[in-house]
Amino acid sequence: MTTAVVTGLGVVAPNGLGTEDFWKATLDGRDGIGQITRFDPAPYAAKRAGEVLDFDSSEHISVRLLPQTDISTRFALAAADWALVDAEVKPSAHIDYDMSVVTSNAFGGFEFTHRELRKLWSKGPEHVSVYESFAWFYAVNTGQISIRHGMRGPSKALVAEQAGGLDAIGHARRTIRQGVGLVVTGGVDSALDPWGWAAQLSGGRVSATAYQPFDVNASGYIPGEGGAILVVEELAAARRRGTGQVYGAITGYASTFDPAPGSSRPPALRRAIELALADAGLTPTQVDVVFADAAGDSALDLQEAEALSAVFGPSGVPVTAPKALTGRLYSGGGPLDVVAALLSIRDSVIPATANVDEVPADYRIDLVRGEPRYQTVSHALVLARGKWGFNAAIVISALGD
Amino acid sequence: MRKAITTDDLRHILARCVGIEEDGELEGEILDQTFEALGYDSLALMETAAVLQREFGVVIPDDELFNTDTPRALLDRANRAVANAG
């Protein structure tokens, strides 16, 4: 069996630009959430978000690409560049059809589209940029990364709200198993313009106050922007290439779909966890940490806690949600958690979950709070749920000898 | 008679709508370089044609547009349209 390993990381997060900045902020408990600055949020019920404030597009994106890219695509292109540099991959030294791109996206280019729609209604159709034809589109990040680096292997875009980022990484592993040597994968989202914000608020789960997953006072989530891009390679190929580091292996993956609302059947998150563990060939006792979906909604938090105690036993595994510091990043959320899981393995530390004062006793979960917990991490389970029933689970493992 | 479109007009349009490197990238002899060599794809050409239509009122059908492979050819085609419009 081939082994898919992660050899490069690229991060654009509200609490850190670049992998190590993000990781330090995560361990230090530094958040990236504040009053929205991108537009005036005064008329909206919720006014706080996890914005990426220190990203200068002209510093990271070529002038030819600026007129044709939404901010989310600029994040994705920069993160992909950083991941390739981190992996010491020179795409020009690889066969073009032996490199693929598989990313997830939940929103498309909202801000770009908002600007073009404004031109359409205020000035007329002849003023709409021709680049709107693809700048809005869910597959645009996959396409732009593919074009930029000459990656012509089988490529995809997956859409499943917050679960999609893990689906993309799962599909990257499948692509490696199909014989492609290298896959650029992950997810990035941003929709922090007035129209994108209205769309996010219409989902009904955005908190007007704070993102406190698993807390007695959970009141919804704070949205953020950004995400992570990873370089995934087949282990033997990475070793032949002489790569600097292998962060870990993608050893298990599963996705499930919830039954229709009102159904007597149980939610399908537990089944996703069990299938991913079975796929990895692990028993629950071998898992050292769970990076939870952490919806920040009491019904959904309870549902996740019940799935975890059903599989691992009451308080049977450390659980954490570093996303309390960034907000939920939609397609970027799962990949950013996978980055955190890989760094937990590297540094033998589980980051804490911020903003939680009291966990309801009936959740029966061992939520890591306050300080990071220093311990060896060999296997990490990462979970993500997307609105309307998507569940994804992925197992990340330290590379054995 | 409407005013002809100059090389500088085209330069400014290219700079504005499809992006150019800092000062000077399009300053030299660009007229006879191919769009491909200048780094402009078919969409960049369409975007440029849209601005020409908006600001100079010239309409260049897509099939003819894609047959213009250099800034000089595009300028000639656009100025023929200006002349015909009288």
# chains A, B, ... in the order shown; residues from 1 in each chain; ligands from 1

$ interface_residues --of "chain A" --to "chain B" --cutoff "9 Å" --atoms "only C-alpha atoms" --output "tab-separated table (two decimals) with N, CA, C and O atoms, in the first residue's frame"
chain	number	residue	atom	x	y	z
A	62	SER	N	1.57	38.31	-8.18
A	62	SER	CA	2.12	39.07	-9.31
A	62	SER	C	1.08	40.05	-9.85
A	62	SER	O	-0.12	39.84	-9.73
A	63	VAL	N	1.56	41.12	-10.45
A	63	VAL	CA	0.64	42.16	-10.92
A	63	VAL	C	-0.33	41.64	-11.97
A	63	VAL	O	-1.45	42.12	-12.08
A	64	ARG	N	0.11	40.64	-12.75
A	64	ARG	CA	-0.80	40.07	-13.75
A	64	ARG	C	-2.00	39.38	-13.10
A	64	ARG	O	-3.09	39.35	-13.65
A	65	LEU	N	-1.77	38.82	-11.91
A	65	LEU	CA	-2.85	38.07	-11.26
A	65	LEU	C	-3.76	38.95	-10.42
A	65	LEU	O	-4.89	38.59	-10.14
A	66	LEU	N	-3.28	40.13	-10.04
A	66	LEU	CA	-4.11	40.98	-9.16
A	66	LEU	C	-5.48	41.32	-9.76
A	66	LEU	O	-6.48	41.22	-9.06
A	67	PRO	N	-5.53	41.74	-11.06
A	67	PRO	CA	-6.86	42.13	-11.56
A	67	PRO	C	-7.82	40.95	-11.72
A	67	PRO	O	-9.00	41.15	-11.94
A	68	GLN	N	-7.33	39.72	-11.63
A	68	GLN	CA	-8.21	38.58	-11.89
A	68	GLN	C	-8.46	37.71	-10.67
A	68	GLN	O	-9.05	36.64	-10.80
A	126	GLU	N	-21.36	46.32	-19.66
A	126	GLU	CA	-20.06	46.45	-20.33
A	126	GLU	C	-18.96	46.81	-19.36
A	126	GLU	O	-17.79	46.76	-19.71
A	127	HIS	N	-19.30	47.12	-18.12
A	127	HIS	CA	-18.28	47.46	-17.13
A	127	HIS	C	-17.84	46.28	-16.27
A	127	HIS	O	-16.94	46.39	-15.46
A	128	VAL	N	-18.50	45.13	-16.47
A	128	VAL	CA	-18.16	43.96	-15.64
A	128	VAL	C	-16.89	43.31	-16.18
A	128	VAL	O	-16.76	43.06	-17.38
A	129	SER	N	-15.96	43.03	-15.28
A	129	SER	CA	-14.69	42.43	-15.68
A	129	SER	C	-14.90	41.05	-16.27
A	129	SER	O	-15.67	40.23	-15.77
A	130	VAL	N	-14.16	40.77	-17.34
A	130	VAL	CA	-14.22	39.44	-17.95
A	130	VAL	C	-13.74	38.38	-16.96
A	130	VAL	O	-14.13	37.23	-17.02
A	131	TYR	N	-12.91	38.80	-16.01
A	131	TYR	CA	-12.37	37.83	-15.03
A	131	TYR	C	-13.42	37.34	-14.04
A	131	TYR	O	-13.19	36.36	-13.33

$ select_by_dssp --residues "stretch 206-262 of chain A" --states "strand (DSSP E or B)" --output "list in words"
Val206, Tyr221, Pro223, Gly224, Gly226, Gly227, Ala228, Ile229, Leu230, Val231, Val232, Glu233, Glu234, Gly248, Ala249, Ile250, Thr251, Gly252, Tyr253, Ala254, Ser255, Thr256 and Phe257 of chain A

$ closest_residue --among "B:Ala37, B:Ala4, B:Ile13, B:Ala73" --to "B:Val58" --atoms "only C-alpha atoms"
B:Ala4

$ residues_around --residues "A:Ile222" --least-positions-apart "6" --cutoff "7 Å" --atoms "only C-alpha atoms" --output "list in words"
Arg48, Ala49, Val206, Ser207, Ala210, Tyr211, Gly327 and Arg328 of chain A

$ write_last_selection --atoms "N, CA and C atoms" --output "PDB file, in the first residue's frame"
ATOM      1  N   ARG A  48     -18.172  40.853  14.558  1.00  0.00           N
ATOM      2  CA  ARG A  48     -16.817  40.375  14.802  1.00  0.00           C
ATOM      3  C   ARG A  48     -16.471  39.214  13.884  1.00  0.00           C
ATOM      4  N   ALA A  49     -15.202  39.185  13.477  1.00  0.00           N
ATOM      5  CA  ALA A  49     -14.752  38.111  12.580  1.00  0.00           C
ATOM      6  C   ALA A  49     -13.255  37.903  12.765  1.00  0.00           C
ATOM      7  N   VAL A 206     -24.133  32.324  13.363  1.00  0.00           N
ATOM      8  CA  VAL A 206     -23.040  33.248  13.698  1.00  0.00           C
ATOM      9  C   VAL A 206     -23.359  33.951  15.020  1.00  0.00           C
ATOM     10  N   SER A 207     -22.376  33.960  15.904  1.00  0.00           N
ATOM     11  CA  SER A 207     -22.556  34.597  17.209  1.00  0.00           C
ATOM     12  C   SER A 207     -22.325  36.099  17.119  1.00  0.00           C
ATOM     13  N   ALA A 210     -19.294  35.928  20.989  1.00  0.00           N
ATOM     14  CA  ALA A 210     -18.012  35.226  21.063  1.00  0.00           C
ATOM     15  C   ALA A 210     -18.166  33.781  20.600  1.00  0.00           C
ATOM     16  N   TYR A 211     -17.045  33.178  20.236  1.00  0.00           N
ATOM     17  CA  TYR A 211     -17.023  31.784  19.802  1.00  0.00           C
ATOM     18  C   TYR A 211     -16.496  30.963  20.973  1.00  0.00           C
ATOM     19  N   GLY A 327     -11.771  31.665  14.574  1.00  0.00           N
ATOM     20  CA  GLY A 327     -13.096  31.590  13.999  1.00  0.00           C
ATOM     21  C   GLY A 327     -13.158  30.400  13.056  1.00  0.00           C
ATOM     22  N   ARG A 328     -14.368  30.098  12.602  1.00  0.00           N
ATOM     23  CA  ARG A 328     -14.522  28.988  11.648  1.00  0.00           C
ATOM     24  C   ARG A 328     -14.178  29.491  10.249  1.00  0.00           C
TER      25      ARG A 328
END

$ residues_around --residues "A:Ile176" --least-positions-apart "6" --cutoff "10 Å" --atoms "only C-alpha atoms" --output "number ranges by chain"
A: 2-5, 98-100, 182-183, 232-235

$ write_last_selection --atoms "all heavy atoms" --output "short mmCIF file (atom, residue, chain, number, x, y, z; two decimals), in the first residue's frame"
data_model
loop_
_atom_site.label_atom_id
_atom_site.label_comp_id
_atom_site.auth_asym_id
_atom_site.auth_seq_id
_atom_site.Cartn_x
_atom_site.Cartn_y
_atom_site.Cartn_z
N THR A 2 0.50 2.21 -0.80
CA THR A 2 1.24 3.48 -0.79
C THR A 2 0.92 4.26 0.48
O THR A 2 -0.15 4.09 1.06
CB THR A 2 0.83 4.35 -1.99
OG1 THR A 2 -0.58 4.51 -1.94
CG2 THR A 2 1.22 3.73 -3.31
N THR A 3 1.85 5.07 0.91
CA THR A 3 1.62 5.93 2.07
C THR A 3 1.66 7.38 1.61
O THR A 3 2.64 7.81 0.99
CB THR A 3 2.72 5.70 3.13
OG1 THR A 3 2.71 4.32 3.49
CG2 THR A 3 2.47 6.55 4.37
N ALA A 4 0.59 8.12 1.91
CA ALA A 4 0.54 9.55 1.55
C ALA A 4 1.04 10.35 2.74
O ALA A 4 0.49 10.24 3.84
CB ALA A 4 -0.89 9.94 1.20
N VAL A 5 2.08 11.12 2.52
CA VAL A 5 2.66 11.91 3.62
C VAL A 5 2.61 13.40 3.29
O VAL A 5 2.56 13.79 2.12
CB VAL A 5 4.13 11.50 3.91
CG1 VAL A 5 4.18 10.07 4.43
CG2 VAL A 5 5.00 11.67 2.67
N ASP A 98 2.37 14.58 -13.32
CA ASP A 98 2.58 13.85 -12.08
C ASP A 98 2.35 14.74 -10.85
O ASP A 98 2.71 14.38 -9.75
CB ASP A 98 4.02 13.28 -12.06
CG ASP A 98 4.18 12.20 -11.00
OD1 ASP A 98 3.24 11.40 -10.82
OD2 ASP A 98 5.24 12.16 -10.34
N MET A 99 1.75 15.92 -11.09
CA MET A 99 1.41 16.82 -9.98
C MET A 99 -0.06 17.22 -10.12
O MET A 99 -0.48 17.66 -11.19
CB MET A 99 2.28 18.09 -10.03
CG MET A 99 3.78 17.83 -9.89
SD MET A 99 4.72 19.39 -9.98
CE MET A 99 4.56 19.79 -11.73
N SER A 100 -0.82 17.09 -9.03
CA SER A 100 -2.24 17.42 -9.06
C SER A 100 -2.56 18.50 -8.03
O SER A 100 -1.77 18.75 -7.12
CB SER A 100 -3.07 16.17 -8.74
OG SER A 100 -3.01 15.25 -9.80
N LEU A 182 2.64 13.81 -6.54
CA LEU A 182 2.57 14.98 -5.64
C LEU A 182 1.22 15.67 -5.82
O LEU A 182 0.78 15.88 -6.94
CB LEU A 182 3.71 15.93 -6.01
CG LEU A 182 3.93 17.22 -5.21
CD1 LEU A 182 5.39 17.64 -5.30
CD2 LEU A 182 3.04 18.36 -5.68
N VAL A 183 0.60 16.01 -4.70
CA VAL A 183 -0.68 16.72 -4.76
C VAL A 183 -0.62 17.95 -3.84
O VAL A 183 -0.21 17.84 -2.68
CB VAL A 183 -1.86 15.82 -4.30
CG1 VAL A 183 -3.18 16.56 -4.48
CG2 VAL A 183 -1.88 14.51 -5.08
N VAL A 232 1.24 17.05 -0.41
CA VAL A 232 1.13 15.64 -0.06
C VAL A 232 1.86 14.84 -1.13
O VAL A 232 1.72 15.10 -2.33
CB VAL A 232 -0.36 15.21 0.01
CG1 VAL A 232 -0.48 13.71 0.25
CG2 VAL A 232 -1.07 15.98 1.12
N GLU A 233 2.68 13.90 -0.68
CA GLU A 233 3.45 13.07 -1.62
C GLU A 233 3.38 11.61 -1.20
O GLU A 233 3.08 11.29 -0.05
CB GLU A 233 4.92 13.50 -1.64
CG GLU A 233 5.16 14.90 -2.14
CD GLU A 233 6.65 15.25 -2.12
OE1 GLU A 233 7.38 14.81 -3.01
OE2 GLU A 233 7.07 15.96 -1.18
N GLU A 234 3.70 10.76 -2.14
CA GLU A 234 3.85 9.35 -1.83
C GLU A 234 5.18 9.23 -1.11
O GLU A 234 6.18 9.82 -1.51
CB GLU A 234 3.80 8.56 -3.13
CG GLU A 234 3.51 7.10 -2.97
CD GLU A 234 4.78 6.32 -2.69
OE1 GLU A 234 5.73 6.50 -3.46
OE2 GLU A 234 4.81 5.58 -1.70
N LEU A 235 5.20 8.47 -0.02
CA LEU A 235 6.36 8.45 0.87
C LEU A 235 7.66 8.08 0.14
O LEU A 235 8.68 8.78 0.29
CB LEU A 235 6.12 7.47 2.03
CG LEU A 235 7.30 7.28 2.99
CD1 LEU A 235 7.70 8.58 3.65
CD2 LEU A 235 6.94 6.23 4.05
#

$ atom_distance --atom1 "atom CA of A:Leu325" --atom2 "atom CA of A:Ala249"
25.7 Å

$ residues_around --residues "B:Leu75" --least-positions-apart "2" --cutoff "12 Å" --atoms "only C-alpha atoms" --output "PyMOL selection string"
chain B and resi 4-11+13+30-32+48-49+52+56+58+60+65+68-73+77-82

$ write_last_selection --atoms "N, CA, C and O atoms" --output "CSV table (one decimal), in the first residue's frame"
chain,number,residue,atom,x,y,z
B,4,ALA,N,-8.1,59.2,-33.1
B,4,ALA,CA,-7.5,57.9,-33.1
B,4,ALA,C,-7.0,57.5,-31.8
B,4,ALA,O,-6.7,58.3,-30.9
B,5,ILE,N,-6.9,56.2,-31.6
B,5,ILE,CA,-6.4,55.6,-30.4
B,5,ILE,C,-4.9,55.5,-30.5
B,5,ILE,O,-4.4,55.0,-31.5
B,6,THR,N,-4.2,56.1,-29.5
B,6,THR,CA,-2.7,56.1,-29.6
B,6,THR,C,-2.1,54.9,-28.9
B,6,THR,O,-2.8,54.2,-28.1
B,7,THR,N,-0.8,54.7,-29.1
B,7,THR,CA,-0.1,53.6,-28.4
B,7,THR,C,-0.2,53.8,-26.9
B,7,THR,O,-0.3,52.9,-26.2
B,8,ASP,N,-0.1,55.1,-26.5
B,8,ASP,CA,-0.1,55.4,-25.1
B,8,ASP,C,-1.5,55.0,-24.5
B,8,ASP,O,-1.5,54.6,-23.4
B,9,ASP,N,-2.5,55.3,-25.2
B,9,ASP,CA,-3.9,55.0,-24.8
B,9,ASP,C,-3.9,53.5,-24.5
B,9,ASP,O,-4.4,53.0,-23.4
B,10,LEU,N,-3.4,52.7,-25.4
B,10,LEU,CA,-3.4,51.2,-25.3
B,10,LEU,C,-2.6,50.8,-24.1
B,10,LEU,O,-3.0,49.9,-23.3
B,11,ARG,N,-1.4,51.4,-24.0
B,11,ARG,CA,-0.5,51.1,-22.8
B,11,ARG,C,-1.3,51.3,-21.5
B,11,ARG,O,-1.2,50.5,-20.6
B,13,ILE,N,-4.5,51.3,-21.0
B,13,ILE,CA,-5.5,50.3,-20.8
B,13,ILE,C,-5.0,49.0,-20.3
B,13,ILE,O,-5.5,48.4,-19.4
B,30,ILE,N,6.8,47.7,-27.6
B,30,ILE,CA,5.9,46.5,-27.3
B,30,ILE,C,5.1,46.2,-28.5
B,30,ILE,O,4.5,45.2,-28.6
B,31,LEU,N,5.0,47.2,-29.5
B,31,LEU,CA,4.0,47.1,-30.5
B,31,LEU,C,4.0,45.8,-31.3
B,31,LEU,O,3.0,45.3,-31.7
B,32,ASP,N,5.2,45.3,-31.5
B,32,ASP,CA,5.3,44.1,-32.4
B,32,ASP,C,5.6,42.9,-31.7
B,32,ASP,O,5.8,41.8,-32.2
B,48,THR,N,-9.3,43.9,-22.4
B,48,THR,CA,-8.8,45.1,-23.1
B,48,THR,C,-9.8,45.6,-24.1
B,48,THR,O,-10.1,46.8,-24.3
B,49,ALA,N,-10.4,44.6,-24.9
B,49,ALA,CA,-11.4,45.0,-25.9
B,49,ALA,C,-12.6,45.6,-25.3
B,49,ALA,O,-13.2,46.6,-25.8
B,52,LEU,N,-11.8,49.2,-24.6
B,52,LEU,CA,-11.8,50.0,-25.8
B,52,LEU,C,-13.2,50.3,-26.3
B,52,LEU,O,-13.5,51.4,-26.7
B,56,PHE,N,-13.8,54.1,-26.1
B,56,PHE,CA,-13.7,54.7,-27.4
B,56,PHE,C,-14.8,54.3,-28.3
B,56,PHE,O,-14.8,54.7,-29.5
B,58,VAL,N,-15.5,51.5,-29.8
B,58,VAL,CA,-15.2,50.6,-30.9
B,58,VAL,C,-15.6,49.2,-30.5
B,58,VAL,O,-15.3,48.8,-29.4
B,60,ILE,N,-15.1,45.3,-31.6
B,60,ILE,CA,-14.3,44.4,-32.3
B,60,ILE,C,-14.9,43.0,-32.1
B,60,ILE,O,-14.8,42.5,-30.9
B,65,LEU,N,-10.9,39.8,-32.9
B,65,LEU,CA,-10.1,40.1,-31.8
B,65,LEU,C,-9.0,39.0,-31.6
B,65,LEU,O,-7.8,39.3,-31.4
B,68,THR,N,-5.9,39.1,-33.7
B,68,THR,CA,-4.9,40.2,-33.5
B,68,THR,C,-3.9,39.6,-32.5
B,68,THR,O,-4.3,39.4,-31.4
B,69,ASP,N,-2.7,39.5,-32.9
B,69,ASP,CA,-1.7,38.8,-32.0
B,69,ASP,C,-0.7,39.8,-31.4
B,69,ASP,O,0.1,39.4,-30.6
B,70,THR,N,-0.7,41.0,-31.9
B,70,THR,CA,0.2,42.0,-31.3
B,70,THR,C,-0.5,43.3,-30.9
B,70,THR,O,-1.6,43.6,-31.5
B,71,PRO,N,0.0,44.1,-30.0
B,71,PRO,CA,-0.6,45.4,-29.8
B,71,PRO,C,-0.8,46.2,-31.0
B,71,PRO,O,-1.8,46.9,-31.2
B,72,ARG,N,0.2,46.2,-32.0
B,72,ARG,CA,0.0,46.9,-33.2
B,72,ARG,C,-1.2,46.5,-34.0
B,72,ARG,O,-2.0,47.3,-34.5
B,73,ALA,N,-1.4,45.2,-34.1
B,73,ALA,CA,-2.5,44.7,-34.9
B,73,ALA,C,-3.8,45.1,-34.2
B,73,ALA,O,-4.8,45.5,-34.9
B,77,ARG,N,-6.6,47.5,-35.8
B,77,ARG,CA,-8.0,47.1,-36.0
B,77,ARG,C,-9.0,48.1,-35.3
B,77,ARG,O,-10.0,48.4,-35.8
B,78,ALA,N,-8.6,48.5,-34.1
B,78,ALA,CA,-9.4,49.5,-33.3
B,78,ALA,C,-9.5,50.8,-34.1
B,78,ALA,O,-10.6,51.4,-34.2
B,79,ASN,N,-8.4,51.2,-34.7
B,79,ASN,CA,-8.5,52.5,-35.3
B,79,ASN,C,-9.2,52.5,-36.7
B,79,ASN,O,-9.8,53.5,-37.1
B,80,ARG,N,-9.2,51.3,-37.3
B,80,ARG,CA,-10.1,51.1,-38.5
B,80,ARG,C,-11.6,51.3,-38.1
B,80,ARG,O,-12.3,52.0,-38.7
B,81,ALA,N,-11.9,50.8,-36.9
B,81,ALA,CA,-13.3,50.9,-36.4
B,81,ALA,C,-13.6,52.4,-36.1
B,81,ALA,O,-14.7,52.9,-36.3
B,82,VAL,N,-12.6,53.1,-35.5
B,82,VAL,CA,-12.8,54.5,-35.2
B,82,VAL,C,-13.1,55.3,-36.5
B,82,VAL,O,-14.0,56.1,-36.6

$ residues_around --residues "A:Ala135" --least-positions-apart "4" --cutoff "8 Å" --atoms "only C-alpha atoms" --output "list in words"
Gln68, Thr69, Asp70, Gly108, Gly109, Phe112, Thr113, Tyr131 and Val140 of chain A

$ residues_around --residues "A:Tyr374" --least-positions-apart "5" --cutoff "8 Å" --atoms "only C-alpha atoms" --output "compact mmCIF listing (two decimals) with N, CA and C atoms, in the first residue's frame"
# COMPACT_ATOMS: atom_id res chain seq x y z
N SER A 348 5.13 17.45 20.16
CA SER A 348 4.59 16.75 21.34
C SER A 348 3.82 17.69 22.25
N VAL A 349 2.86 18.37 21.68
CA VAL A 349 2.04 19.29 22.49
C VAL A 349 0.65 19.43 21.86
N ILE A 350 -0.34 19.47 22.73
CA ILE A 350 -1.73 19.68 22.29
C ILE A 350 -2.12 21.11 22.66

$ closest_residue --among "A:Ala272, A:Leu302, A:Ala208, A:Val231" --to "A:Val359" --atoms "only C-alpha atoms"
A:Leu302

$ select_by_dssp --residues "stretch 43-144 of chain A" --states "alpha helix (DSSP H)" --output "PyMOL selection string"
chain A and resi 57-60+71-86+110-122+132-135+140-144

$ closest_residue --among "A:Val85, A:Ile229, A:Ile147, A:Ala78" --to "A:Thr103" --atoms "only C-alpha atoms"
A:Ile229
